Amino acid sequence: MQVHPDDEYAKLYERGQLGKTEMWYVLEADKDAELIYGFYSDMDSVAVRQSLANGTIEKYLQKVKVQQDDVFYIPAGTVHGIGAGNLIAEVQESSNLTYRLYDYDRTDKQGQKRELHLEKALAVADLKGQQPPRQPLRVLRYTPGCATEFLCRCKYFQVERLLLNTEDKKKLAELYTGSNSFQALLCIDGAGQLVMSDGEKLTYTKGSCIFIPANAGNLQLCGKTQFLKISC
């Protein structure tokens with residue numbers, strides 16, 4: 001169970017590093033899979049300390065049932081954790097700062113527990129009770145060979161899902177690159193090819209991640225697949 005600082009706190013106390021806001025996309029989930037998203041009701045630092053000391057912290061955590069294709073936006077300060085039975089793609093602000101609040105008393109092969117960061121975690125955590133996160137309204141926008149579904153946007157990143165199917169099409173799907181941001185394509189299902197402006201082809205399969213610089217020209221996609229498209 002962990003929490004990330006925001007940019008302001010990280011700049012002051014972590015030698016100018018960035019904080020971390022992130023988004024989760026559920027690729028696969030078992031029937032009873034869940035994740036932790038904040039607290040059920042308002043807490044304070046004293047209550048959190050006491051619950052950690054007496055081993056009752058889990059009853060205060062908000063546990064959310066998940067299923068495949070769910071989306072969760074996790075701003076800095078949100079206490080969170082991934083339960084068993086989940087396979088999740090994480091899109092995040094460029095940062096490695098994580099404050100571990102609770103680790104279920106697990107030990108490594110040498111019997112050592114992982115380091116906790118209680119003071120920093122309590123300094124940045126939102127301890128107010130939160131409403132269960134709702135899934136965003138999704139609207140498909142169609143272009144030849146491809147449908148685009150907006151998932152999440154914040155000041156650090158934008159994420160869309162592309163549903164590509166050009167198998168019965170004479171024309172490939174166009175992928176436009178602009179000057180404002182790179183694009184990262186994470187293939188979450190299927191396989192196909194990315195066709196460069198000079199005709200060179202790059203084959204991708206499920207699990208491939210393709211980084212496309214800004215101003216890369218007009219590219220084309222072929223195949224039957226799904227992508228997460230990430231940009232800034």
# chains A, B, ... in the order shown; residues from 1 in each chain; ligands from 1
>>> select_by_dssp(residues="region 4-150 of chain A", states="helix (DSSP H, G or I)", output="ChimeraX atom specification")
/A:7-13,45-54,57-60,118-124
>>> residues_around(residues="Lys31 (chain A)", least_positions_apart="6", cutoff="10 Å", atoms="only C-alpha atoms", output="list of chain:residue names")
A:Lys65, A:Val66, A:Gln67, A:Gln68, A:Gly85, A:Asn86
>>> residues_around(residues="region 101-113 of chain A", least_positions_apart="6", cutoff="9 Å", atoms="only C-alpha atoms", output="ChimeraX atom specification")
/A:1-3,52,55,57,79,119-122
>>> write_last_selection(atoms="N, CA, C and O atoms", output="compact mmCIF listing (two decimals), in the first residue's frame")
# COMPACT_ATOMS: atom_id res chain seq x y z
N MET A 1 0.86 -1.18 0.00
CA MET A 1 0.00 0.00 0.00
C MET A 1 0.89 1.22 0.00
O MET A 1 1.79 1.34 0.84
N GLN A 2 0.68 2.13 -0.92
CA GLN A 2 1.62 3.21 -1.11
C GLN A 2 0.92 4.50 -1.50
O GLN A 2 -0.29 4.53 -1.76
N VAL A 3 1.71 5.56 -1.55
CA VAL A 3 1.21 6.87 -1.94
C VAL A 3 2.37 7.64 -2.56
O VAL A 3 3.54 7.39 -2.24
N LEU A 52 -2.03 0.97 11.98
CA LEU A 52 -0.83 0.29 11.51
C LEU A 52 -0.17 -0.48 12.66
O LEU A 52 0.30 -1.61 12.49
N GLY A 55 -2.41 -3.53 13.51
CA GLY A 55 -2.70 -4.44 12.41
C GLY A 55 -4.11 -4.39 11.87
O GLY A 55 -4.57 -5.36 11.25
N ILE A 57 -5.26 -1.76 9.79
CA ILE A 57 -5.33 -0.76 8.74
C ILE A 57 -6.21 -1.21 7.57
O ILE A 57 -6.93 -0.40 6.95
N VAL A 79 -3.86 7.16 -1.58
CA VAL A 79 -3.35 5.88 -1.09
C VAL A 79 -3.92 4.77 -1.98
O VAL A 79 -5.12 4.73 -2.23
N GLU A 119 6.48 8.60 7.76
CA GLU A 119 6.39 10.04 7.96
C GLU A 119 6.11 10.78 6.66
O GLU A 119 5.25 11.65 6.59
N LYS A 120 6.83 10.42 5.62
CA LYS A 120 6.62 11.07 4.33
C LYS A 120 5.25 10.69 3.75
O LYS A 120 4.57 11.54 3.15
N ALA A 121 4.86 9.44 3.93
CA ALA A 121 3.56 9.01 3.41
C ALA A 121 2.42 9.78 4.07
O ALA A 121 1.50 10.26 3.39
N LEU A 122 2.48 9.95 5.38
CA LEU A 122 1.43 10.70 6.08
C LEU A 122 1.47 12.18 5.73
O LEU A 122 0.43 12.86 5.76
>>> closest_atom_pairs(of="region 69-94 of chain A", to="region 177-200 of chain A", cutoff="12 Å", atoms="only C-alpha atoms", output="Markdown table")
| residue | atom | partner | partner_atom | distance |
| --- | --- | --- | --- | --- |
| A:Asp69 | CA | A:Ile188 | CA | 10.4 |
| A:Leu87 | CA | A:Ile188 | CA | 11.2 |
| A:Ile88 | CA | A:Ile188 | CA | 10.6 |
| A:Ala89 | CA | A:Leu186 | CA | 9.0 |
| A:Glu90 | CA | A:Leu186 | CA | 10.8 |
| A:Val91 | CA | A:Ala184 | CA | 10.4 |
>>> atom_distance(atom1="CA of Cys152 (chain A)", atom2="CA of Tyr73 (chain A)")
7.3 Å
>>> select_by_dssp(residues="region 86-127 of chain A", states="strand (DSSP E)", output="JSON, numbers by chain")
{"A": [86, 87, 88, 89, 90, 91, 92, 99, 100]}
>>> closest_atom_pairs(of="region 61-173 of chain A", to="region 33-42 of chain A", cutoff="8 Å", atoms="only C-alpha atoms", output="JSON lines")
{"residue": "A:Leu61", "atom": "CA", "partner": "A:Phe39", "partner_atom": "CA", "distance": 4.5}
{"residue": "A:Gln62", "atom": "CA", "partner": "A:Phe39", "partner_atom": "CA", "distance": 4.8}
{"residue": "A:Lys63", "atom": "CA", "partner": "A:Ile36", "partner_atom": "CA", "distance": 4.6}
{"residue": "A:Val64", "atom": "CA", "partner": "A:Glu34", "partner_atom": "CA", "distance": 5.2}
{"residue": "A:Lys65", "atom": "CA", "partner": "A:Glu34", "partner_atom": "CA", "distance": 4.3}
{"residue": "A:Val66", "atom": "CA", "partner": "A:Glu34", "partner_atom": "CA", "distance": 5.3}
{"residue": "A:Gln67", "atom": "CA", "partner": "A:Ala33", "partner_atom": "CA", "distance": 7.4}
{"residue": "A:Thr78", "atom": "CA", "partner": "A:Gly38", "partner_atom": "CA", "distance": 5.8}
{"residue": "A:Val79", "atom": "CA", "partner": "A:Gly38", "partner_atom": "CA", "distance": 4.8}
{"residue": "A:His80", "atom": "CA", "partner": "A:Tyr37", "partner_atom": "CA", "distance": 4.8}
{"residue": "A:Gly81", "atom": "CA", "partner": "A:Ile36", "partner_atom": "CA", "distance": 4.8}
{"residue": "A:Ile82", "atom": "CA", "partner": "A:Leu35", "partner_atom": "CA", "distance": 4.7}
{"residue": "A:Gly83", "atom": "CA", "partner": "A:Leu35", "partner_atom": "CA", "distance": 5.0}
{"residue": "A:Ala84", "atom": "CA", "partner": "A:Ala33", "partner_atom": "CA", "distance": 6.3}
{"residue": "A:Gly85", "atom": "CA", "partner": "A:Ala33", "partner_atom": "CA", "distance": 5.3}
{"residue": "A:Asn86", "atom": "CA", "partner": "A:Ala33", "partner_atom": "CA", "distance": 6.2}
{"residue": "A:Asp126", "atom": "CA", "partner": "A:Gly38", "partner_atom": "CA", "distance": 7.6}
{"residue": "A:Leu127", "atom": "CA", "partner": "A:Asp42", "partner_atom": "CA", "distance": 6.0}
{"residue": "A:Lys128", "atom": "CA", "partner": "A:Asp42", "partner_atom": "CA", "distance": 4.2}
{"residue": "A:Gly129", "atom": "CA", "partner": "A:Ser41", "partner_atom": "CA", "distance": 3.7}
{"residue": "A:Gln130", "atom": "CA", "partner": "A:Phe39", "partner_atom": "CA", "distance": 6.1}
{"residue": "A:Gln131", "atom": "CA", "partner": "A:Tyr40", "partner_atom": "CA", "distance": 7.7}
{"residue": "A:Pro132", "atom": "CA", "partner": "A:Tyr37", "partner_atom": "CA", "distance": 7.6}
{"residue": "A:Pro133", "atom": "CA", "partner": "A:Tyr37", "partner_atom": "CA", "distance": 7.9}
>>> closest_residue(among="A:Leu163, A:Pro136, A:Leu97, A:Asn215", to="Arg15 (chain A)", atoms="only C-alpha atoms")
A:Leu97
>>> atom_distance(atom1="CA of Glu174 (chain A)", atom2="CA of Gln158 (chain A)")
19.0 Å
>>> closest_residue(among="A:Leu162, A:Leu118, A:Cys146, A:Val124", to="Val48 (chain A)", atoms="only C-alpha atoms")
A:Leu118
>>> atom_distance(atom1="CA of Pro5 (chain A)", atom2="CA of Pro75 (chain A)")
9.2 Å
>>> residues_around(residues="Gly223 (chain A)", least_positions_apart="6", cutoff="10 Å", atoms="only C-alpha atoms", output="MDAnalysis selection string")
chainID A and resid 145 164:169 172:173 190:194 203:205
>>> residues_around(residues="Arg161 (chain A)", least_positions_apart="6", cutoff="8 Å", atoms="only C-alpha atoms", output="JSON, numbers by chain")
{"A": [148, 149, 150, 151, 226, 227, 228, 229]}
>>> closest_residue(among="A:Glu8, A:Asp70, A:Asp44, A:Glu160", to="Trp24 (chain A)", atoms="only C-alpha atoms")
A:Asp70
>>> closest_residue(among="A:Thr143, A:Gln92, A:Gln135, A:Gln220", to="Glu22 (chain A)", atoms="only C-alpha atoms")
A:Gln92
>>> residues_around(residues="Thr21 (chain A)", least_positions_apart="6", cutoff="8 Å", atoms="only C-alpha atoms", output="compact mmCIF listing (two decimals) with N, CA, C and O atoms, in the first residue's frame")
# COMPACT_ATOMS: atom_id res chain seq x y z
N HIS A 4 2.05 8.55 -3.47
CA HIS A 4 3.07 9.35 -4.14
C HIS A 4 2.88 10.83 -3.81
O HIS A 4 1.73 11.30 -3.68
N ASP A 6 3.03 15.02 -4.55
CA ASP A 6 2.81 15.87 -5.71
C ASP A 6 4.10 16.59 -6.05
O ASP A 6 5.14 16.45 -5.38
N ILE A 74 -5.38 8.03 -10.67
CA ILE A 74 -4.84 8.05 -9.31
C ILE A 74 -3.96 9.28 -9.15
O ILE A 74 -2.74 9.24 -9.43
N PRO A 75 -4.53 10.41 -8.74
CA PRO A 75 -3.72 11.61 -8.55
C PRO A 75 -2.77 11.46 -7.37
O PRO A 75 -2.98 10.64 -6.48
N ALA A 76 -1.70 12.24 -7.39
CA ALA A 76 -0.75 12.24 -6.29
C ALA A 76 -1.49 12.45 -4.97
O ALA A 76 -2.45 13.22 -4.90
N GLN A 92 2.12 6.87 -16.11
CA GLN A 92 2.44 7.73 -14.98
C GLN A 92 3.27 8.93 -15.38
O GLN A 92 3.90 8.97 -16.44
N GLU A 93 3.22 9.91 -14.52
CA GLU A 93 4.16 11.02 -14.59
C GLU A 93 5.57 10.44 -14.46
O GLU A 93 5.78 9.45 -13.77
N TYR A 156 -0.40 15.85 -17.17
CA TYR A 156 0.82 15.09 -17.39
C TYR A 156 0.74 14.14 -18.57
O TYR A 156 1.75 13.82 -19.19
